Amino acid sequence: MIMIFRLIGESFRFAWDALRQNKLRTALSLLGITIGIFIIIAVSTGVDTMRNKIQSSVDKLGSNTLFVQKWPWIFSGNFPWWKYVNRPEPSLRDYVALKDRMDMAQGVSYEVSANSRTLKYRSNSVEGASLNAASQEYDKTWDLEFQDGRYFTENEGKSGSPVCIIGAEIAEGLFDGEEPVGKQIKVMGRRVTVVGVFKKEGEDMMGMSQDKNVLIPLNLAKGIFDINNERYNPQVTVRGKENIALEEVEAELKGQMRSIRRLKPGQEDDFSLNKTTMLSNQLDIMFGVVDIAGLIIGGFSVLVGGFGIANIMFVSVKERTNIIGIQKSLGAKNYFILLQFVFEAVALCLMGGLLGLGMVYLLTLLFTHVFDVEVILYLKNVAKGIGWSVGIGLIAGFWPAFSASRLDPVEAIRS
């Protein structure tokens, strides 16, 4: 073991000497490794960062939540759109029936939304707000956090009281630092009292945020617009109990929906059950393709760099042939010579790889602090870069090292 560490130390010294004595030649040869590792790790870092940001947005929907909707989130290649067009929208009747029948559900809520609404408070107004109306169980199907105020009471929900909960951006735009709770704002011509303010979330990769949302009780919305109308995107949200698998909840929900819609055995569903795993699977496929493309592009640079390292090692063997002969005459085994040059090739590749990783790290700092786009260099990508460097070093250095280990000591000394 001590011998191995000595070999590694000497190999790094030889590699550094090669870099120091032949700066231009070695730098040009390492450039291919550096660019290749930079491309591979930069693409992986960008893909992982974007995927994690999108996945965190998807996770907001809930891992144990199902959405009863007219259209599926994911369409197949031979998508029969005409079948989906004729489907009925989820209705208030569906919601009431499901609420009474679902045993595995923690909560069942009916939701509608009207986008691009203008809200007013005195002389202030906010445009582009999303007006959402939901049944009382909305807080059981979604994770709600408040920075001020509270959720609707049971009486407010049942009686359709003129109350609302607003997002943090809307509170900032309407009240200019005033206390929002207890104030009355105008929504679609109706005066409603603010009882709560959602916690500020910020915009995510999928544009899902409560910051510009207004939530009102469903029974209040009935007197303002048609809550069964397709233009308001009605849906039924079902969150399963924590100790029950999503597949079991989905099976029960599907059976109950077929029963409510009175579908015969063998008849196709006239509804879609959407869930977050559908989006996660599509993300895996999409970003997997991007990752492979980056791997192929970077692989060509790494291949060119590997040939450069092999060339350096053949030159190094040629220059140190007499030293190899002396080492062999003093009793050095073939494997000792072999390992010495293999480790030297690995050391050179590691230098190029670490330089490439350093460039990626500088790029993440540039995006994070200059362009205000957070990009993270994950530890697994650092390990991937080092692994690629070691792998190329082993491959590129083996044949020169093998040829050095097979030299005849007498001929080597004479040279």
# chains A, B, ... in the order shown; residues from 1 in each chain; ligands from 1
>>> residues_around(residues="range 230-246 of chain A", least_positions_apart="5", cutoff="10 Å", atoms="only C-alpha atoms", output="JSON, numbers by chain")
{"A": [61, 62, 63, 64, 65, 66, 67, 68, 69, 70, 88, 89, 90, 91, 92, 94, 95, 96, 98, 99, 102, 103, 104, 105, 106, 107, 108, 109, 110, 111, 112, 113, 114, 115, 131, 132, 133, 134, 135, 137, 138, 140, 141, 142, 225, 251, 252, 253, 273, 274, 275]}
>>> residues_around(residues="Phe75 in chain A", least_positions_apart="2", cutoff="12 Å", atoms="only C-alpha atoms", output="VMD selection string")
chain A and resid 71 to 73 77 to 81 84 272 274 278 to 279 282
>>> residues_around(residues="Ala293 in chain A", least_positions_apart="4", cutoff="12 Å", atoms="only C-alpha atoms", output="PyMOL selection string")
chain A and resi 39-40+43-44+47+286-289+297-300
>>> closest_residue(among="A:Ile312, A:Leu283, A:Val373, A:Ile165", to="Ser56 in chain A", atoms="only C-alpha atoms")
A:Leu283
>>> atom_distance(atom1="CA of Phe271 in chain A", atom2="CA of Gly255 in chain A")
11.7 Å
>>> residues_around(residues="Ile386 in chain A", least_positions_apart="3", cutoff="10 Å", atoms="only C-alpha atoms", output="PyMOL selection string")
chain A and resi 37+349-354+356-357+380-383+389-391
>>> select_by_dssp(residues="range 193-389 of chain A", states="alpha helix (DSSP H)", output="NGL selection string")
:A and (218-221 or 246-260 or 276-319 or 321-329 or 334-369 or 379-389)
>>> closest_residue(among="A:Val187, A:Ala171, A:Val163, A:Leu263", to="Leu218 in chain A", atoms="only C-alpha atoms")
A:Val163
>>> residues_around(residues="Ser209 in chain A", least_positions_apart="5", cutoff="9 Å", atoms="only C-alpha atoms", output="list in words")
Ser57, Gly167, Lys200, Glu201, Gly202, Glu203 and Asp204 of chain A
>>> write_last_selection(atoms="N, CA, C and O atoms", output="JSON list (two decimals), in the first residue's frame")
[["chain", "number", "residue", "atom", "x", "y", "z"],
["A", 57, "SER", "N", -41.79, 22.39, -8.24],
["A", 57, "SER", "CA", -43.08, 22.98, -8.60],
["A", 57, "SER", "C", -44.15, 21.90, -8.70],
["A", 57, "SER", "O", -45.28, 22.09, -8.23],
["A", 167, "GLY", "N", -53.25, 36.72, -2.25],
["A", 167, "GLY", "CA", -51.83, 36.43, -2.31],
["A", 167, "GLY", "C", -50.98, 37.60, -1.84],
["A", 167, "GLY", "O", -51.46, 38.74, -1.76],
["A", 200, "LYS", "N", -45.83, 34.48, 1.06],
["A", 200, "LYS", "CA", -45.17, 34.78, -0.22],
["A", 200, "LYS", "C", -44.33, 33.58, -0.65],
["A", 200, "LYS", "O", -43.52, 33.06, 0.11],
["A", 201, "GLU", "N", -44.53, 33.15, -1.90],
["A", 201, "GLU", "CA", -43.83, 31.97, -2.42],
["A", 201, "GLU", "C", -42.80, 32.32, -3.49],
["A", 201, "GLU", "O", -41.78, 31.66, -3.60],
["A", 202, "GLY", "N", -43.08, 33.32, -4.29],
["A", 202, "GLY", "CA", -42.22, 33.62, -5.42],
["A", 202, "GLY", "C", -42.59, 32.77, -6.63],
["A", 202, "GLY", "O", -43.19, 31.71, -6.49],
["A", 203, "GLU", "N", -42.21, 33.23, -7.81],
["A", 203, "GLU", "CA", -42.55, 32.53, -9.05],
["A", 203, "GLU", "C", -41.68, 31.29, -9.20],
["A", 203, "GLU", "O", -40.46, 31.35, -8.99],
["A", 204, "ASP", "N", -42.28, 30.15, -9.56],
["A", 204, "ASP", "CA", -41.50, 28.94, -9.80],
["A", 204, "ASP", "C", -41.43, 28.66, -11.30],
["A", 204, "ASP", "O", -41.94, 29.41, -12.12]]
>>> closest_residue(among="A:Gly128, A:Gly32, A:Gly46, A:Pro409", to="Gly308 in chain A", atoms="only C-alpha atoms")
A:Gly32
>>> select_by_dssp(residues="range 25-192 of chain A", states="strand (DSSP E or B)", output="PyMOL selection string")
chain A and resi 65-69+105-121+124-134+146-149+163-166+184-187+190-192
>>> write_last_selection(atoms="N, CA and C atoms", output="compact mmCIF listing (two decimals), in the first residue's frame")
# COMPACT_ATOMS: atom_id res chain seq x y z
N THR A 65 -52.10 13.18 -4.34
CA THR A 65 -53.27 13.93 -4.78
C THR A 65 -53.64 13.54 -6.21
N LEU A 66 -54.93 13.42 -6.46
CA LEU A 66 -55.47 13.09 -7.79
C LEU A 66 -56.41 14.22 -8.23
N PHE A 67 -56.42 14.48 -9.53
CA PHE A 67 -57.23 15.56 -10.09
C PHE A 67 -58.19 14.98 -11.12
N VAL A 68 -59.48 15.12 -10.86
CA VAL A 68 -60.50 14.66 -11.81
C VAL A 68 -60.76 15.80 -12.78
N GLN A 69 -60.38 15.60 -14.05
CA GLN A 69 -60.49 16.64 -15.06
C GLN A 69 -60.99 16.07 -16.38
N ALA A 105 -60.16 8.94 1.08
CA ALA A 105 -59.76 10.33 0.84
C ALA A 105 -59.66 11.11 2.15
N GLN A 106 -58.59 11.88 2.25
CA GLN A 106 -58.44 12.80 3.37
C GLN A 106 -59.30 14.03 3.15
N GLY A 107 -59.42 14.43 1.87
CA GLY A 107 -60.25 15.58 1.53
C GLY A 107 -60.65 15.54 0.06
N VAL A 108 -61.83 16.08 -0.25
CA VAL A 108 -62.32 16.19 -1.63
C VAL A 108 -62.82 17.62 -1.81
N SER A 109 -62.29 18.32 -2.82
CA SER A 109 -62.71 19.72 -3.02
C SER A 109 -63.05 19.97 -4.48
N TYR A 110 -63.95 20.93 -4.69
CA TYR A 110 -64.35 21.34 -6.04
C TYR A 110 -63.78 22.73 -6.27
N GLU A 111 -63.11 22.91 -7.41
CA GLU A 111 -62.40 24.17 -7.66
C GLU A 111 -62.68 24.70 -9.06
N VAL A 112 -62.80 26.01 -9.16
CA VAL A 112 -62.91 26.70 -10.45
C VAL A 112 -61.99 27.92 -10.41
N SER A 113 -61.62 28.41 -11.58
CA SER A 113 -60.72 29.58 -11.62
C SER A 113 -61.07 30.48 -12.78
N ALA A 114 -60.92 31.77 -12.56
CA ALA A 114 -61.14 32.79 -13.60
C ALA A 114 -59.90 33.67 -13.64
N ASN A 115 -59.15 33.60 -14.75
CA ASN A 115 -57.87 34.30 -14.85
C ASN A 115 -58.02 35.76 -15.29
N SER A 116 -56.93 36.50 -15.09
CA SER A 116 -56.81 37.90 -15.56
C SER A 116 -57.96 38.78 -15.07
N ARG A 117 -58.11 38.84 -13.76
CA ARG A 117 -59.12 39.71 -13.16
C ARG A 117 -58.45 40.94 -12.56
N THR A 118 -59.20 42.03 -12.50
CA THR A 118 -58.70 43.27 -11.90
C THR A 118 -59.33 43.44 -10.52
N LEU A 119 -58.48 43.66 -9.51
CA LEU A 119 -58.93 43.87 -8.13
C LEU A 119 -58.72 45.33 -7.75
N LYS A 120 -59.64 45.85 -6.94
CA LYS A 120 -59.55 47.27 -6.56
C LYS A 120 -59.72 47.45 -5.06
N TYR A 121 -58.95 48.42 -4.55
CA TYR A 121 -59.12 48.88 -3.16
C TYR A 121 -58.88 50.38 -3.16
N ASN A 124 -56.34 52.16 -5.52
CA ASN A 124 -55.33 51.19 -5.97
C ASN A 124 -56.01 50.03 -6.71
N SER A 125 -55.28 49.46 -7.67
CA SER A 125 -55.80 48.30 -8.40
C SER A 125 -54.65 47.37 -8.79
N VAL A 126 -54.96 46.09 -8.92
CA VAL A 126 -54.00 45.07 -9.36
C VAL A 126 -54.64 44.33 -10.52
N GLU A 127 -53.92 44.24 -11.64
CA GLU A 127 -54.43 43.54 -12.81
C GLU A 127 -53.77 42.17 -12.95
N GLY A 128 -54.44 41.29 -13.69
CA GLY A 128 -53.88 39.97 -13.97
C GLY A 128 -53.97 38.98 -12.82
N ALA A 129 -54.83 39.25 -11.85
CA ALA A 129 -54.99 38.32 -10.72
C ALA A 129 -55.81 37.10 -11.15
N SER A 130 -55.55 35.98 -10.50
CA SER A 130 -56.31 34.76 -10.77
C SER A 130 -57.33 34.57 -9.65
N LEU A 131 -58.61 34.54 -10.03
CA LEU A 131 -59.68 34.37 -9.05
C LEU A 131 -60.02 32.89 -8.95
N ASN A 132 -59.83 32.32 -7.77
CA ASN A 132 -60.14 30.91 -7.53
C ASN A 132 -61.30 30.81 -6.54
N ALA A 133 -62.18 29.87 -6.81
CA ALA A 133 -63.28 29.58 -5.89
C ALA A 133 -63.21 28.09 -5.56
N ALA A 134 -63.38 27.77 -4.29
CA ALA A 134 -63.26 26.36 -3.88
C ALA A 134 -64.21 26.05 -2.75
N PHE A 146 -50.08 30.78 5.67
CA PHE A 146 -50.54 32.16 5.77
C PHE A 146 -49.48 33.03 6.43
N GLN A 147 -49.28 34.22 5.88
CA GLN A 147 -48.41 35.19 6.55
C GLN A 147 -49.24 36.15 7.40
N ASP A 148 -50.56 36.11 7.18
CA ASP A 148 -51.46 36.96 7.97
C ASP A 148 -52.87 36.39 7.86
N GLY A 149 -53.64 36.49 8.93
CA GLY A 149 -55.03 36.08 8.88
C GLY A 149 -55.25 34.58 9.00
N VAL A 163 -66.19 36.92 1.69
CA VAL A 163 -64.84 36.97 2.26
C VAL A 163 -63.85 36.41 1.22
N CYS A 164 -62.58 36.71 1.42
CA CYS A 164 -61.56 36.21 0.48
C CYS A 164 -60.21 36.10 1.17
N ILE A 165 -59.34 35.30 0.55
CA ILE A 165 -57.93 35.21 0.96
C ILE A 165 -57.12 35.65 -0.25
N ILE A 166 -56.15 36.51 -0.07
CA ILE A 166 -55.39 37.06 -1.19
C ILE A 166 -53.92 36.66 -1.10
N GLN A 184 -61.96 45.76 2.82
CA GLN A 184 -62.83 45.30 1.74
C GLN A 184 -62.24 45.66 0.38
N ILE A 185 -62.19 44.68 -0.52
CA ILE A 185 -61.72 44.91 -1.89
C ILE A 185 -62.85 44.57 -2.85
N LYS A 186 -62.74 45.05 -4.09
CA LYS A 186 -63.78 44.78 -5.08
C LYS A 186 -63.29 43.70 -6.04
N VAL A 187 -64.06 42.59 -6.14
CA VAL A 187 -63.74 41.47 -7.02
C VAL A 187 -64.94 41.22 -7.92
N ARG A 190 -68.08 42.82 -6.87
CA ARG A 190 -68.59 42.53 -5.53
C ARG A 190 -67.57 42.95 -4.47
N ARG A 191 -68.05 43.48 -3.37
CA ARG A 191 -67.17 43.84 -2.26
C ARG A 191 -67.00 42.62 -1.35
N VAL A 192 -65.76 42.25 -1.12
CA VAL A 192 -65.47 41.11 -0.25
C VAL A 192 -64.43 41.53 0.79
>>> decode(residues="range 222-241 of chain A", atoms="N, CA and C atoms", output="mmCIF file, in the first residue's frame")
data_model
loop_
_atom_site.group_PDB
_atom_site.id
_atom_site.type_symbol
_atom_site.label_atom_id
_atom_site.label_comp_id
_atom_site.auth_asym_id
_atom_site.auth_seq_id
_atom_site.Cartn_x
_atom_site.Cartn_y
_atom_site.Cartn_z
ATOM 1 N N LYS A 222 -71.038 31.032 -6.656
ATOM 2 C CA LYS A 222 -72.284 30.639 -7.344
ATOM 3 C C LYS A 222 -73.131 31.846 -7.728
ATOM 4 N N GLY A 223 -73.090 32.893 -6.928
ATOM 5 C CA GLY A 223 -73.874 34.082 -7.215
ATOM 6 C C GLY A 223 -73.179 35.057 -8.141
ATOM 7 N N ILE A 224 -71.919 34.753 -8.532
ATOM 8 C CA ILE A 224 -71.158 35.667 -9.381
ATOM 9 C C ILE A 224 -71.025 35.126 -10.808
ATOM 10 N N PHE A 225 -70.744 33.827 -10.939
ATOM 11 C CA PHE A 225 -70.598 33.217 -12.277
ATOM 12 C C PHE A 225 -71.031 31.753 -12.221
ATOM 13 N N ASP A 226 -71.138 31.131 -13.399
ATOM 14 C CA ASP A 226 -71.571 29.735 -13.522
ATOM 15 C C ASP A 226 -70.398 28.812 -13.204
ATOM 16 N N ILE A 227 -70.417 28.205 -12.030
ATOM 17 C CA ILE A 227 -69.266 27.404 -11.584
ATOM 18 C C ILE A 227 -69.140 26.070 -12.325
ATOM 19 N N ASN A 228 -70.125 25.692 -13.123
ATOM 20 C CA ASN A 228 -70.041 24.465 -13.923
ATOM 21 C C ASN A 228 -69.602 24.729 -15.355
ATOM 22 N N ASN A 229 -69.413 25.998 -15.700
ATOM 23 C CA ASN A 229 -69.055 26.368 -17.064
ATOM 24 C C ASN A 229 -67.615 25.964 -17.372
ATOM 25 N N GLU A 230 -67.403 25.450 -18.581
ATOM 26 C CA GLU A 230 -66.086 24.966 -18.998
ATOM 27 C C GLU A 230 -65.030 26.061 -18.986
ATOM 28 N N ARG A 231 -65.423 27.298 -19.233
ATOM 29 C CA ARG A 231 -64.451 28.399 -19.315
ATOM 30 C C ARG A 231 -63.768 28.663 -17.972
ATOM 31 N N TYR A 232 -64.343 28.169 -16.879
ATOM 32 C CA TYR A 232 -63.757 28.387 -15.550
ATOM 33 C C TYR A 232 -62.965 27.173 -15.050
ATOM 34 N N ASN A 233 -62.661 26.242 -15.960
ATOM 35 C CA ASN A 233 -61.780 25.094 -15.664
ATOM 36 C C ASN A 233 -62.153 24.350 -14.381
ATOM 37 N N PRO A 234 -63.370 23.823 -14.296
ATOM 38 C CA PRO A 234 -63.749 23.099 -13.074
ATOM 39 C C PRO A 234 -62.963 21.805 -12.913
ATOM 40 N N GLN A 235 -62.619 21.465 -11.688
ATOM 41 C CA GLN A 235 -61.944 20.200 -11.391
ATOM 42 C C GLN A 235 -62.289 19.768 -9.979
ATOM 43 N N VAL A 236 -62.190 18.453 -9.767
ATOM 44 C CA VAL A 236 -62.362 17.884 -8.430
ATOM 45 C C VAL A 236 -61.002 17.381 -7.974
ATOM 46 N N THR A 237 -60.548 17.852 -6.834
ATOM 47 C CA THR A 237 -59.247 17.450 -6.289
ATOM 48 C C THR A 237 -59.473 16.492 -5.121
ATOM 49 N N VAL A 238 -58.762 15.360 -5.169
ATOM 50 C CA VAL A 238 -58.899 14.328 -4.136
ATOM 51 C C VAL A 238 -57.521 14.036 -3.554
ATOM 52 N N ARG A 239 -57.374 14.231 -2.265
ATOM 53 C CA ARG A 239 -56.117 13.879 -1.593
ATOM 54 C C ARG A 239 -56.354 12.637 -0.740
ATOM 55 N N GLY A 240 -55.534 11.596 -0.989
ATOM 56 C CA GLY A 240 -55.671 10.355 -0.250
ATOM 57 C C GLY A 240 -55.122 10.467 1.163
ATOM 58 N N LYS A 241 -55.563 9.567 2.016
ATOM 59 C CA LYS A 241 -55.045 9.522 3.390
ATOM 60 C C LYS A 241 -53.570 9.132 3.377
#
